[in-house]
Amino acid sequence: MLVRTNGWSLSTARRETSQWEVDGAYNASFGIVGSQKGWSNAALGRVLETILQSRVANPVVVVDEVEKAGTAKSVSGRAFGLTEALLPLLEPMTAQNWSCPYYQVKFDMSWVAWVLTSNDFRSLPEPLLSRCPPIRLRHLTQAELVRFIRREGHKKGIDDTGIEAAVEAFTRSGRKNQSMSLRTAARVILRAYDLERHPILH
C-alpha cells in the first residue's frame, strides 16, 4: 500500500503502471470482484473481466484511495465492503481457488499483482493492513522531478529545446514557492508537448 506525501501524485503514478484502476470511492468491492444474482446491480468484476477480455492472467490492479471505499448493501440488507472483497484475492492460497460470485466458477487469481494507494491508512482495518503493509512515499527532490521531466519529455518526442524550457518553467515555479510535485511536473511536460505540436500563432 502506497501512502501519499506532499509532492506525490498517486493518480499520475498509477497511470504509468496499469491499464485501468478502481476508484475506492465508487463501490470498489463490486467493481473488483463483481456481484452475484440477488444484488440489484449484479455484474462481473472488472479484474476478471479484464483477464478474460485481454487474455492476460497477471494484470497490475491499482485500487486508488482505498480508505474512501464505502460498504455496498444488497436488496436484503446484507453489507459487503472492500476488505471482504480483497482479502481472499490477497492471500495466495485462497486466490488460487477463488470463486467468482457472478459466474459461480473457481478461478486462479494468484497471478494478479495488487497496488493499493491511500492518503490516510489509519482508518483501514487491521486484516487489510497486515496483508498490504503501508509504505510511506518520501518527498521527491527537485533533482528527481527534473529527471522525470527530461525522461518523460524524451518519451513523448519533445525536442531538447522544449524539454529544457519545461525544466526552466518548473524550477521557476519552485522559486516562487509554488508546489513542486509530480503532478506539476506532469503538467509542465503536457504543456511543452502541446506547444511543440500546436505552437501559438501571433
# chains A, B, ... in the order shown; residues from 1 in each chain; ligands from 1
call {"tool": "select_by_dssp", "arguments": {"residues": "range 37-166 of chain A", "states": "strand (DSSP E or B)", "output": "number ranges by chain"}}
result
A: 37, 39, 43-44, 60-64, 71-73, 79-81, 98-99, 106-107, 113-118, 135-136
call {"tool": "select_by_dssp", "arguments": {"residues": "range 52-196 of chain A", "states": "helix (DSSP H, G or I)", "output": "VMD selection string"}}
result
chain A and resid 52 to 54 66 to 68 82 to 90 92 to 95 121 to 123 126 to 131 142 to 155 160 to 175 182 to 196
call {"tool": "atom_distance", "arguments": {"atom1": "CA of Met93 in chain A", "atom2": "CA of Lys106 in chain A"}}
result
12.9 Å
call {"tool": "closest_residue", "arguments": {"among": "A:Leu195, A:Cys132, A:Leu137, A:Leu52", "to": "Ile163 in chain A", "atoms": "only C-alpha atoms"}}
result
A:Leu195
call {"tool": "residues_around", "arguments": {"residues": "range 56-61 of chain A", "least_positions_apart": "2", "cutoff": "6 Å", "atoms": "only C-alpha atoms", "output": "PDB file with N, CA and C atoms, in the first residue's frame"}}
result
ATOM      1  N   SER A  18      -0.512   0.899 -14.849  1.00  0.00           N
ATOM      2  CA  SER A  18      -1.624  -0.011 -15.082  1.00  0.00           C
ATOM      3  C   SER A  18      -2.479   0.447 -16.255  1.00  0.00           C
ATOM      4  N   ILE A  51      -9.132  -9.819 -17.415  1.00  0.00           N
ATOM      5  CA  ILE A  51      -8.362 -11.033 -17.703  1.00  0.00           C
ATOM      6  C   ILE A  51      -8.984 -11.795 -18.871  1.00  0.00           C
ATOM      7  N   SER A  54      -8.650  -9.567 -22.230  1.00  0.00           N
ATOM      8  CA  SER A  54      -7.285  -9.344 -22.721  1.00  0.00           C
ATOM      9  C   SER A  54      -6.485 -10.633 -22.834  1.00  0.00           C
ATOM     10  N   TRP A 111      -2.075 -14.825  -9.820  1.00  0.00           N
ATOM     11  CA  TRP A 111      -1.093 -14.147 -10.666  1.00  0.00           C
ATOM     12  C   TRP A 111      -1.307 -12.634 -10.713  1.00  0.00           C
ATOM     13  N   VAL A 112      -2.422 -12.175 -10.196  1.00  0.00           N
ATOM     14  CA  VAL A 112      -2.730 -10.743 -10.229  1.00  0.00           C
ATOM     15  C   VAL A 112      -1.830  -9.993  -9.243  1.00  0.00           C
ATOM     16  N   ALA A 113      -1.270  -8.860  -9.683  1.00  0.00           N
ATOM     17  CA  ALA A 113      -0.449  -8.001  -8.814  1.00  0.00           C
ATOM     18  C   ALA A 113      -1.308  -6.829  -8.349  1.00  0.00           C
ATOM     19  N   TRP A 114      -1.280  -6.561  -7.046  1.00  0.00           N
ATOM     20  CA  TRP A 114      -2.137  -5.536  -6.458  1.00  0.00           C
ATOM     21  C   TRP A 114      -1.312  -4.369  -5.950  1.00  0.00           C
TER      22      TRP A 114
END
call {"tool": "residues_around", "arguments": {"residues": "Leu190 in chain A", "least_positions_apart": "2", "cutoff": "10 Å", "atoms": "only C-alpha atoms", "output": "ChimeraX atom specification"}}
result
/A:149,152-153,156,158,166,184-188,192-196
call {"tool": "residues_around", "arguments": {"residues": "range 124-131 of chain A", "least_positions_apart": "4", "cutoff": "10 Å", "atoms": "only C-alpha atoms", "output": "ChimeraX atom specification"}}
result
/A:1,66-69,82-84,86-87,90-91,118,120
call {"tool": "write_last_selection", "arguments": {"atoms": "N, CA, C and O atoms", "output": "PDB file, in the first residue's frame"}}
result
ATOM      1  N   MET A   1       0.840  -1.186   0.000  1.00  0.00           N
ATOM      2  CA  MET A   1       0.000   0.000   0.000  1.00  0.00           C
ATOM      3  C   MET A   1       0.883   1.247   0.000  1.00  0.00           C
ATOM      4  O   MET A   1       1.737   1.406   0.869  1.00  0.00           O
ATOM      5  N   VAL A  66      -8.005   3.826  -1.234  1.00  0.00           N
ATOM      6  CA  VAL A  66      -8.726   2.677  -0.697  1.00  0.00           C
ATOM      7  C   VAL A  66      -9.508   3.030   0.566  1.00  0.00           C
ATOM      8  O   VAL A  66     -10.534   2.404   0.866  1.00  0.00           O
ATOM      9  N   GLU A  67      -9.057   4.054   1.297  1.00  0.00           N
ATOM     10  CA  GLU A  67      -9.749   4.404   2.541  1.00  0.00           C
ATOM     11  C   GLU A  67     -11.122   5.017   2.300  1.00  0.00           C
ATOM     12  O   GLU A  67     -11.944   5.117   3.220  1.00  0.00           O
ATOM     13  N   LYS A  68     -11.411   5.418   1.061  1.00  0.00           N
ATOM     14  CA  LYS A  68     -12.702   6.042   0.748  1.00  0.00           C
ATOM     15  C   LYS A  68     -13.758   5.040   0.319  1.00  0.00           C
ATOM     16  O   LYS A  68     -14.885   5.424   0.019  1.00  0.00           O
ATOM     17  N   ALA A  69     -13.389   3.779   0.253  1.00  0.00           N
ATOM     18  CA  ALA A  69     -14.336   2.768  -0.198  1.00  0.00           C
ATOM     19  C   ALA A  69     -15.493   2.650   0.784  1.00  0.00           C
ATOM     20  O   ALA A  69     -15.302   2.525   1.994  1.00  0.00           O
ATOM     21  N   LEU A  82     -15.066  -3.396   0.956  1.00  0.00           N
ATOM     22  CA  LEU A  82     -13.870  -3.618   0.153  1.00  0.00           C
ATOM     23  C   LEU A  82     -12.931  -4.635   0.789  1.00  0.00           C
ATOM     24  O   LEU A  82     -12.349  -5.468   0.101  1.00  0.00           O
ATOM     25  N   THR A  83     -12.777  -4.574   2.106  1.00  0.00           N
ATOM     26  CA  THR A  83     -11.878  -5.522   2.773  1.00  0.00           C
ATOM     27  C   THR A  83     -12.322  -6.957   2.532  1.00  0.00           C
ATOM     28  O   THR A  83     -11.510  -7.835   2.218  1.00  0.00           O
ATOM     29  N   GLU A  84     -13.619  -7.221   2.683  1.00  0.00           N
ATOM     30  CA  GLU A  84     -14.141  -8.570   2.444  1.00  0.00           C
ATOM     31  C   GLU A  84     -13.898  -9.016   1.011  1.00  0.00           C
ATOM     32  O   GLU A  84     -13.683 -10.212   0.748  1.00  0.00           O
ATOM     33  N   LEU A  86     -11.346  -7.944  -0.960  1.00  0.00           N
ATOM     34  CA  LEU A  86      -9.921  -8.048  -1.284  1.00  0.00           C
ATOM     35  C   LEU A  86      -9.212  -9.209  -0.585  1.00  0.00           C
ATOM     36  O   LEU A  86      -8.310  -9.809  -1.169  1.00  0.00           O
ATOM     37  N   LEU A  87      -9.559  -9.484   0.650  1.00  0.00           N
ATOM     38  CA  LEU A  87      -8.776 -10.453   1.438  1.00  0.00           C
ATOM     39  C   LEU A  87      -8.602 -11.797   0.742  1.00  0.00           C
ATOM     40  O   LEU A  87      -7.479 -12.325   0.698  1.00  0.00           O
ATOM     41  N   LEU A  90      -5.937 -11.360  -1.931  1.00  0.00           N
ATOM     42  CA  LEU A  90      -4.595 -11.002  -1.497  1.00  0.00           C
ATOM     43  C   LEU A  90      -3.842 -12.182  -0.901  1.00  0.00           C
ATOM     44  O   LEU A  90      -2.610 -12.171  -0.864  1.00  0.00           O
ATOM     45  N   GLU A  91      -4.567 -13.170  -0.418  1.00  0.00           N
ATOM     46  CA  GLU A  91      -3.947 -14.375   0.137  1.00  0.00           C
ATOM     47  C   GLU A  91      -3.652 -15.354  -0.995  1.00  0.00           C
ATOM     48  O   GLU A  91      -4.587 -15.788  -1.687  1.00  0.00           O
ATOM     49  N   SER A 118      -3.320   5.190  -0.738  1.00  0.00           N
ATOM     50  CA  SER A 118      -4.095   5.799   0.345  1.00  0.00           C
ATOM     51  C   SER A 118      -3.518   7.153   0.706  1.00  0.00           C
ATOM     52  O   SER A 118      -2.306   7.371   0.627  1.00  0.00           O
ATOM     53  N   ASP A 120      -4.640   8.371   3.775  1.00  0.00           N
ATOM     54  CA  ASP A 120      -4.637   8.197   5.232  1.00  0.00           C
ATOM     55  C   ASP A 120      -5.110   6.782   5.542  1.00  0.00           C
ATOM     56  O   ASP A 120      -6.289   6.466   5.399  1.00  0.00           O
TER      57      ASP A 120
END
call {"tool": "closest_residue", "arguments": {"among": "A:Glu49, A:Arg150, A:Gly162, A:Val3", "to": "Ile135 in chain A", "atoms": "only C-alpha atoms"}}
result
A:Val3
call {"tool": "atom_distance", "arguments": {"atom1": "CA of Ser181 in chain A", "atom2": "CA of His139 in chain A"}}
result
8.8 Å
call {"tool": "atom_distance", "arguments": {"atom1": "CA of Pro92 in chain A", "atom2": "CA of Val33 in chain A"}}
result
15.9 Å
call {"tool": "residues_around", "arguments": {"residues": "Gln142 in chain A", "least_positions_apart": "2", "cutoff": "8 Å", "atoms": "only C-alpha atoms", "output": "compact mmCIF listing (two decimals) with C-alpha atoms, in the first residue's frame"}}
result
# COMPACT_ATOMS: atom_id res chain seq x y z
CA LEU A 140 10.53 13.85 -4.19
CA GLU A 144 14.34 13.73 -9.18
CA LEU A 145 11.44 15.72 -10.61
CA VAL A 146 13.72 17.34 -13.20
CA THR A 171 12.26 25.26 -11.47
CA MET A 180 6.87 21.20 -6.89
call {"tool": "closest_residue", "arguments": {"among": "A:Gly174, A:Gly157, A:Gly31, A:Gly45", "to": "Ser99 in chain A", "atoms": "only C-alpha atoms"}}
result
A:Gly45
call {"tool": "residues_around", "arguments": {"residues": "Ala43 in chain A", "least_positions_apart": "2", "cutoff": "10 Å", "atoms": "only C-alpha atoms", "output": "list in words"}}
result
Phe30, Gly31, Val33, Gly34, Ser35, Gln36, Lys37, Trp39, Ser40, Asn41, Gly45, Arg46, Glu49, Pro101, Tyr102 and Tyr103 of chain A
call {"tool": "write_last_selection", "arguments": {"atoms": "N, CA and C atoms", "output": "PDB file, in the first residue's frame"}}
result
ATOM      1  N   PHE A  30     -17.713  -4.141  -5.361  1.00  0.00           N
ATOM      2  CA  PHE A  30     -18.375  -4.689  -6.540  1.00  0.00           C
ATOM      3  C   PHE A  30     -17.519  -4.503  -7.785  1.00  0.00           C
ATOM      4  N   GLY A  31     -16.841  -3.377  -7.887  1.00  0.00           N
ATOM      5  CA  GLY A  31     -16.022  -3.123  -9.058  1.00  0.00           C
ATOM      6  C   GLY A  31     -14.914  -4.139  -9.214  1.00  0.00           C
ATOM      7  N   VAL A  33     -14.640  -7.497  -7.550  1.00  0.00           N
ATOM      8  CA  VAL A  33     -14.991  -8.916  -7.607  1.00  0.00           C
ATOM      9  C   VAL A  33     -16.299  -9.194  -8.323  1.00  0.00           C
ATOM     10  N   GLY A  34     -17.117  -8.175  -8.545  1.00  0.00           N
ATOM     11  CA  GLY A  34     -18.425  -8.400  -9.133  1.00  0.00           C
ATOM     12  C   GLY A  34     -19.441  -8.770  -8.071  1.00  0.00           C
ATOM     13  N   SER A  35     -20.637  -9.088  -8.509  1.00  0.00           N
ATOM     14  CA  SER A  35     -21.698  -9.447  -7.562  1.00  0.00           C
ATOM     15  C   SER A  35     -22.587 -10.519  -8.164  1.00  0.00           C
ATOM     16  N   GLN A  36     -23.187 -11.302  -7.303  1.00  0.00           N
ATOM     17  CA  GLN A  36     -23.999 -12.413  -7.764  1.00  0.00           C
ATOM     18  C   GLN A  36     -25.462 -12.006  -7.883  1.00  0.00           C
ATOM     19  N   LYS A  37     -26.247 -12.867  -8.485  1.00  0.00           N
ATOM     20  CA  LYS A  37     -27.673 -12.597  -8.617  1.00  0.00           C
ATOM     21  C   LYS A  37     -28.296 -12.463  -7.227  1.00  0.00           C
ATOM     22  N   TRP A  39     -28.328  -9.295  -6.028  1.00  0.00           N
ATOM     23  CA  TRP A  39     -27.956  -7.895  -5.845  1.00  0.00           C
ATOM     24  C   TRP A  39     -28.599  -7.080  -6.956  1.00  0.00           C
ATOM     25  N   SER A  40     -28.945  -5.844  -6.636  1.00  0.00           N
ATOM     26  CA  SER A  40     -29.644  -5.016  -7.614  1.00  0.00           C
ATOM     27  C   SER A  40     -28.775  -4.679  -8.817  1.00  0.00           C
ATOM     28  N   ASN A  41     -27.433  -4.675  -8.619  1.00  0.00           N
ATOM     29  CA  ASN A  41     -26.529  -4.330  -9.732  1.00  0.00           C
ATOM     30  C   ASN A  41     -25.576  -5.489 -10.029  1.00  0.00           C
ATOM     31  N   GLY A  45     -16.968  -8.717 -12.101  1.00  0.00           N
ATOM     32  CA  GLY A  45     -15.956  -7.797 -11.597  1.00  0.00           C
ATOM     33  C   GLY A  45     -14.978  -7.385 -12.690  1.00  0.00           C
ATOM     34  N   ARG A  46     -14.398  -6.192 -12.537  1.00  0.00           N
ATOM     35  CA  ARG A  46     -13.517  -5.660 -13.588  1.00  0.00           C
ATOM     36  C   ARG A  46     -12.212  -6.438 -13.688  1.00  0.00           C
ATOM     37  N   GLU A  49     -13.048  -9.576 -15.627  1.00  0.00           N
ATOM     38  CA  GLU A  49     -13.467  -9.130 -16.954  1.00  0.00           C
ATOM     39  C   GLU A  49     -12.256  -8.746 -17.806  1.00  0.00           C
ATOM     40  N   PRO A 101     -18.218 -14.628  -7.773  1.00  0.00           N
ATOM     41  CA  PRO A 101     -19.625 -14.564  -7.343  1.00  0.00           C
ATOM     42  C   PRO A 101     -20.613 -14.445  -8.496  1.00  0.00           C
ATOM     43  N   TYR A 102     -20.141 -13.947  -9.639  1.00  0.00           N
ATOM     44  CA  TYR A 102     -21.042 -13.765 -10.781  1.00  0.00           C
ATOM     45  C   TYR A 102     -21.230 -15.068 -11.563  1.00  0.00           C
ATOM     46  N   TYR A 103     -20.106 -15.722 -11.917  1.00  0.00           N
ATOM     47  CA  TYR A 103     -20.182 -16.962 -12.684  1.00  0.00           C
ATOM     48  C   TYR A 103     -20.364 -18.197 -11.802  1.00  0.00           C
TER      49      TYR A 103
END
